[in-house]
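Q: Right, I'll just put the structure down here and ask away after.
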Amino acid sequence: MPTVPDFIRRTPPASLRIYFTAIGAELPQGIAWDGPANDVVAPLLRAVDDMADADRLRVVNDAERIGTMADEPGQAALYAVYDDHARLDDMENGHARALWVYLNASATFRHAEEVRFADEKRFGRMWDGFAGRPHLTVARGGAAVEAFRQAVTERFGSANVEVEICDRSRPMLEGPDAALVQAAVYREGRAGDVLEFVDGRLSRRPHKPVVEAALIYEPATGAIEVVAAARETREDLVRLFAQHLLGTAFQGERLPIRQFSLDRLRQPFDFPTDPEDGIESVRITMMKLMPYETQGRRITVECMRRDDSTIWQAAADCLRGQEHGIEGYAITVVRLTIKFRAAPGTRGGRTLPVTITMPRGCDLKDRTERERIIGEKYLQRWRLLRDV
């Protein structure tokens with residue numbers, strides 16, 4: 001979780017000066033804003049420590065939100081909703097960009113947080129996808145949005161429901177970015193309570209959580225994606241979205257489910273790539289095998305960084321003397337290490353580790369947008385990923 005020290009150390013001094021001025025913070029005199037960045041860290045940390053509780057809590061919350069949007073997934077979300085990419089490109093780093101949008105376009109910043117929420121959950125346990133009619137217009141306000149809000153209120157028995165709609169984009173394997181429309185739905189959950197300290201004593205306070213969901217419509221294809229924690233609520237959300245915001249009937253047809261197939265990795269494979277992607281090598285560094293005759297045992301084969309053996313040579317050594325070679329086992333998990341060529345002026349290239357777990361598990365969803373695009377491109381080309 002991003003912290004105040006992280007925020008102060010990683011944000012350029014000029015941006016920090018704008019931030020603390022904007023919130024009206026009392027700072028010590030003589031801070032060397034134009035000097036080395038490290039010279040502003042200690043006085044600013046002391047100033048935050050000396051703030052009243054409410055002011056310090058505001059800085060803590062701001063630092064967490066800004067820091068969360070300063071990493072690569074957060075930056076991808078900001079670029080997905082903020083049209084002036086050139087302005088963002090001119091800023092020094094991710095913290096500077098996130099802070100500038102936070103201060104100057106608060107609604108856009110909030111939309112970026114909603115985009116990050118949806119993209120991080122995409123293809124995971126909270127995600128579902130449905131086929132819809134293409135080339136429809138999403139209602140942005142008026143009676144249609146009010147009818148949708150009221151329908152969600154009635155369906156979930158929530159006293160309060162808020163709906164926010166924004167345009168966004170998503171990078172594609174080929175061609176221009178896909179234009180999308182995303183609706184964030186916030187509803188009041190069931191009442192409960194939380195523990196907190198009141199005047200130094202532990203107490204319980206009544207609490208109604210906010211439940212967040214996201215609905216994404218792609219006009220070019222008609223696809224409707226939904227992210228919501230409870231599986232039984234997703235189809236209802238899509239039905240209400242289609243009825244009230246798209247003005248069409250919901251057919252209930254699901255998008256194809258992505259599934260992995262690792263059978264072809266029983267034999268050595270050279271993992272072909274395109275030169276323009278800058279990939280130096282692809283290597284399997286771990287493979288888990290399950291005997292066909294029993295599901296109670298697993299064999300893990302690993303090739304460490306300094307081991308020149310291939311995973312197939314390591315598996316053959318591991319299984320030597322066994323009744324079956326690798327052909328007698330199901331491959332349940334593999335870890336690929338994709339190594340990129342070093343950029344000019346750098347000592348070494350970055351690596352992209354990808355772990356696939358049969359039948360539908362893959363940690364690419366936790367990577368940056370660029371890494372997900374590269375990973376999915378080659379998993380499909382290598383016929384490890386397919387739609388069923």
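Order determines the names: the first chain of the structure tokens is A, the second B, and so forth; residues in each chain are numbered 1 upward, and ligands are numbered 1 upward as they are shown.
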List as a VMD selection string the protein and nucleic acid residues near range 271-284 of chain A, meaning an atom at most 7 Å away when only C-alpha atoms are counted, but skip any in the same chain fewer than 5 places from it.
A: chain A and resid 311 334 to 341 382
Q: Export C-alpha atoms of the chosen residues as a short mmCIF file (atom, residue, chain, number, x, y, z; two decimals), in the first residue's frame?
A:
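Listing of part22.cif after writing:
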```cif
data_model
loop_
_atom_site.label_atom_id
_atom_site.label_comp_id
_atom_site.auth_asym_id
_atom_site.auth_seq_id
_atom_site.Cartn_x
_atom_site.Cartn_y
_atom_site.Cartn_z
CA ILE A 311 12.70 -28.07 -18.81
CA VAL A 334 4.00 -24.00 -16.17
CA ARG A 335 5.99 -20.85 -15.58
CA LEU A 336 7.38 -19.08 -18.64
CA THR A 337 10.09 -16.45 -18.45
CA ILE A 338 10.02 -14.03 -21.37
CA LYS A 339 13.26 -12.01 -21.52
CA PHE A 340 13.40 -8.77 -23.50
CA ARG A 341 16.51 -7.32 -25.14
CA TRP A 382 1.85 -20.68 -29.37
#
```
Q: With only C-alpha atoms as the counted atoms, please give the residues lying no more than 12 Å from range 146-149 of chain A, apart from itself and same-chain residues fewer than 5 positions off, as an NGL selection string.
A: :A and (138-141 or 154-164 or 183-187 or 236-247)
Q: Write to file, as a PDB file, in the first residue's frame, the residues of the selection just made, with C-alpha atoms.
A:
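Written output follows (again-v7.pdb):
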```
ATOM      1  CA  VAL A 138     -24.995   4.325 -24.062  1.00  0.00           C
ATOM      2  CA  ALA A 139     -27.340   6.776 -22.338  1.00  0.00           C
ATOM      3  CA  ARG A 140     -25.394   9.279 -20.226  1.00  0.00           C
ATOM      4  CA  GLY A 141     -28.107  10.984 -18.213  1.00  0.00           C
ATOM      5  CA  GLU A 154     -35.164  -2.342  -6.463  1.00  0.00           C
ATOM      6  CA  ARG A 155     -33.221  -5.424  -7.543  1.00  0.00           C
ATOM      7  CA  PHE A 156     -30.707  -5.252  -4.682  1.00  0.00           C
ATOM      8  CA  GLY A 157     -32.802  -3.533  -2.044  1.00  0.00           C
ATOM      9  CA  SER A 158     -30.260  -0.736  -1.691  1.00  0.00           C
ATOM     10  CA  ALA A 159     -31.344   2.576  -0.253  1.00  0.00           C
ATOM     11  CA  ASN A 160     -28.626   4.442  -2.137  1.00  0.00           C
ATOM     12  CA  VAL A 161     -27.240   3.828  -5.640  1.00  0.00           C
ATOM     13  CA  GLU A 162     -24.855   6.001  -7.667  1.00  0.00           C
ATOM     14  CA  VAL A 163     -23.943   5.524 -11.350  1.00  0.00           C
ATOM     15  CA  GLU A 164     -20.971   7.111 -13.114  1.00  0.00           C
ATOM     16  CA  ALA A 183     -20.416   2.443 -16.106  1.00  0.00           C
ATOM     17  CA  ALA A 184     -19.412   2.274 -12.445  1.00  0.00           C
ATOM     18  CA  VAL A 185     -22.247   1.240 -10.157  1.00  0.00           C
ATOM     19  CA  TYR A 186     -22.023   1.918  -6.415  1.00  0.00           C
ATOM     20  CA  ARG A 187     -24.740   0.597  -4.153  1.00  0.00           C
ATOM     21  CA  ASP A 236     -28.959  -9.142 -13.605  1.00  0.00           C
ATOM     22  CA  LEU A 237     -26.652  -6.120 -13.801  1.00  0.00           C
ATOM     23  CA  VAL A 238     -26.011  -6.725 -17.514  1.00  0.00           C
ATOM     24  CA  ARG A 239     -29.739  -7.201 -18.181  1.00  0.00           C
ATOM     25  CA  LEU A 240     -30.593  -3.893 -16.481  1.00  0.00           C
ATOM     26  CA  PHE A 241     -27.692  -2.146 -18.234  1.00  0.00           C
ATOM     27  CA  ALA A 242     -28.845  -3.375 -21.653  1.00  0.00           C
ATOM     28  CA  GLN A 243     -32.497  -2.555 -21.002  1.00  0.00           C
ATOM     29  CA  HIS A 244     -32.093   0.950 -19.598  1.00  0.00           C
ATOM     30  CA  LEU A 245     -28.775   2.332 -20.861  1.00  0.00           C
ATOM     31  CA  LEU A 246     -28.552   0.584 -24.247  1.00  0.00           C
ATOM     32  CA  GLY A 247     -32.285   0.415 -24.950  1.00  0.00           C
TER      33      GLY A 247
END
```
Q: Using only C-alpha atoms, what does the table of range 83-194 of chain A residues within 8 Å of range 352-373 of chain A look like, with each row giving the shortest atom pair and its distance in Å to one decimal, sorted by chain and ascending number, as CSV?
A:
```
residue,atom,partner,partner_atom,distance
A:Asp119,CA,A:Lys365,CA,7.9
A:Glu120,CA,A:Lys365,CA,6.1
A:Lys121,CA,A:Lys365,CA,7.3
A:Arg122,CA,A:Lys365,CA,6.9
A:Phe123,CA,A:Lys365,CA,7.4
A:Gly124,CA,A:Lys365,CA,7.6
A:Pro171,CA,A:Glu369,CA,7.4
A:Met172,CA,A:Ile373,CA,7.0
A:Leu173,CA,A:Ile373,CA,5.9
```
Q: Could you dump the residues just selected with C-alpha atoms as a PDB file, in the first residue's frame?
A:
```
ATOM      1  CA  ASP A 119      -9.140  -4.114 -15.708  1.00  0.00           C
ATOM      2  CA  GLU A 120      -7.446  -5.782 -12.751  1.00  0.00           C
ATOM      3  CA  LYS A 121     -10.455  -8.089 -12.309  1.00  0.00           C
ATOM      4  CA  ARG A 122     -10.859  -8.838 -16.036  1.00  0.00           C
ATOM      5  CA  PHE A 123     -10.966 -12.578 -16.787  1.00  0.00           C
ATOM      6  CA  GLY A 124     -10.747 -13.303 -13.068  1.00  0.00           C
ATOM      7  CA  PRO A 171      -5.003  -1.195 -26.161  1.00  0.00           C
ATOM      8  CA  MET A 172      -5.445  -3.950 -28.748  1.00  0.00           C
ATOM      9  CA  LEU A 173      -3.085  -6.572 -30.161  1.00  0.00           C
TER      10      LEU A 173
END
```
Q: Which of range 176-326 of chain A counts as strand (DSSP E or B) under DSSP, as a PyMOL selection string please?
A: chain A and resi 178-188+192-198+201-207+210-217+224-227+254+258-260+279-291+299-302
Q: Contacts of Arg110 in chain A at 12 Å or less, counting only C-alpha atoms, minus same-chain residues fewer than 6 places along, as a PyMOL selection string?
A: chain A and resi 65-66+68-69+74+77-78+81-82+98+101-104+116-117+164-166+184
Q: Tell me which protein, DNA and RNA residues are within 12 Å of Leu136 in chain A, counting only C-alpha atoms, leaving out same-chain ones fewer than 4 positions away, and put them as number ranges by chain.
A: A: 132, 180-181, 217-224, 242-243, 245-248
Q: Let me see the file: selected residues, C-alpha atoms, as an mmCIF file, in the first residue's frame.
A:
```cif
data_model
loop_
_atom_site.group_PDB
_atom_site.id
_atom_site.type_symbol
_atom_site.label_atom_id
_atom_site.label_comp_id
_atom_site.auth_asym_id
_atom_site.auth_seq_id
_atom_site.Cartn_x
_atom_site.Cartn_y
_atom_site.Cartn_z
ATOM 1 C CA GLY A 132 -24.844 -7.835 -27.099
ATOM 2 C CA LEU A 180 -15.268 1.572 -24.724
ATOM 3 C CA VAL A 181 -17.910 2.999 -22.425
ATOM 4 C CA TYR A 217 -19.640 -1.886 -23.403
ATOM 5 C CA GLU A 218 -17.646 -2.126 -26.648
ATOM 6 C CA PRO A 219 -19.725 -0.543 -29.436
ATOM 7 C CA ALA A 220 -17.651 -2.092 -32.237
ATOM 8 C CA THR A 221 -18.404 -5.665 -31.142
ATOM 9 C CA GLY A 222 -21.412 -5.377 -28.830
ATOM 10 C CA ALA A 223 -19.540 -7.156 -26.021
ATOM 11 C CA ILE A 224 -20.705 -6.337 -22.495
ATOM 12 C CA ALA A 242 -28.845 -3.375 -21.653
ATOM 13 C CA GLN A 243 -32.497 -2.555 -21.002
ATOM 14 C CA LEU A 245 -28.775 2.332 -20.861
ATOM 15 C CA LEU A 246 -28.552 0.584 -24.247
ATOM 16 C CA GLY A 247 -32.285 0.415 -24.950
ATOM 17 C CA THR A 248 -32.182 -3.210 -26.088
#
```
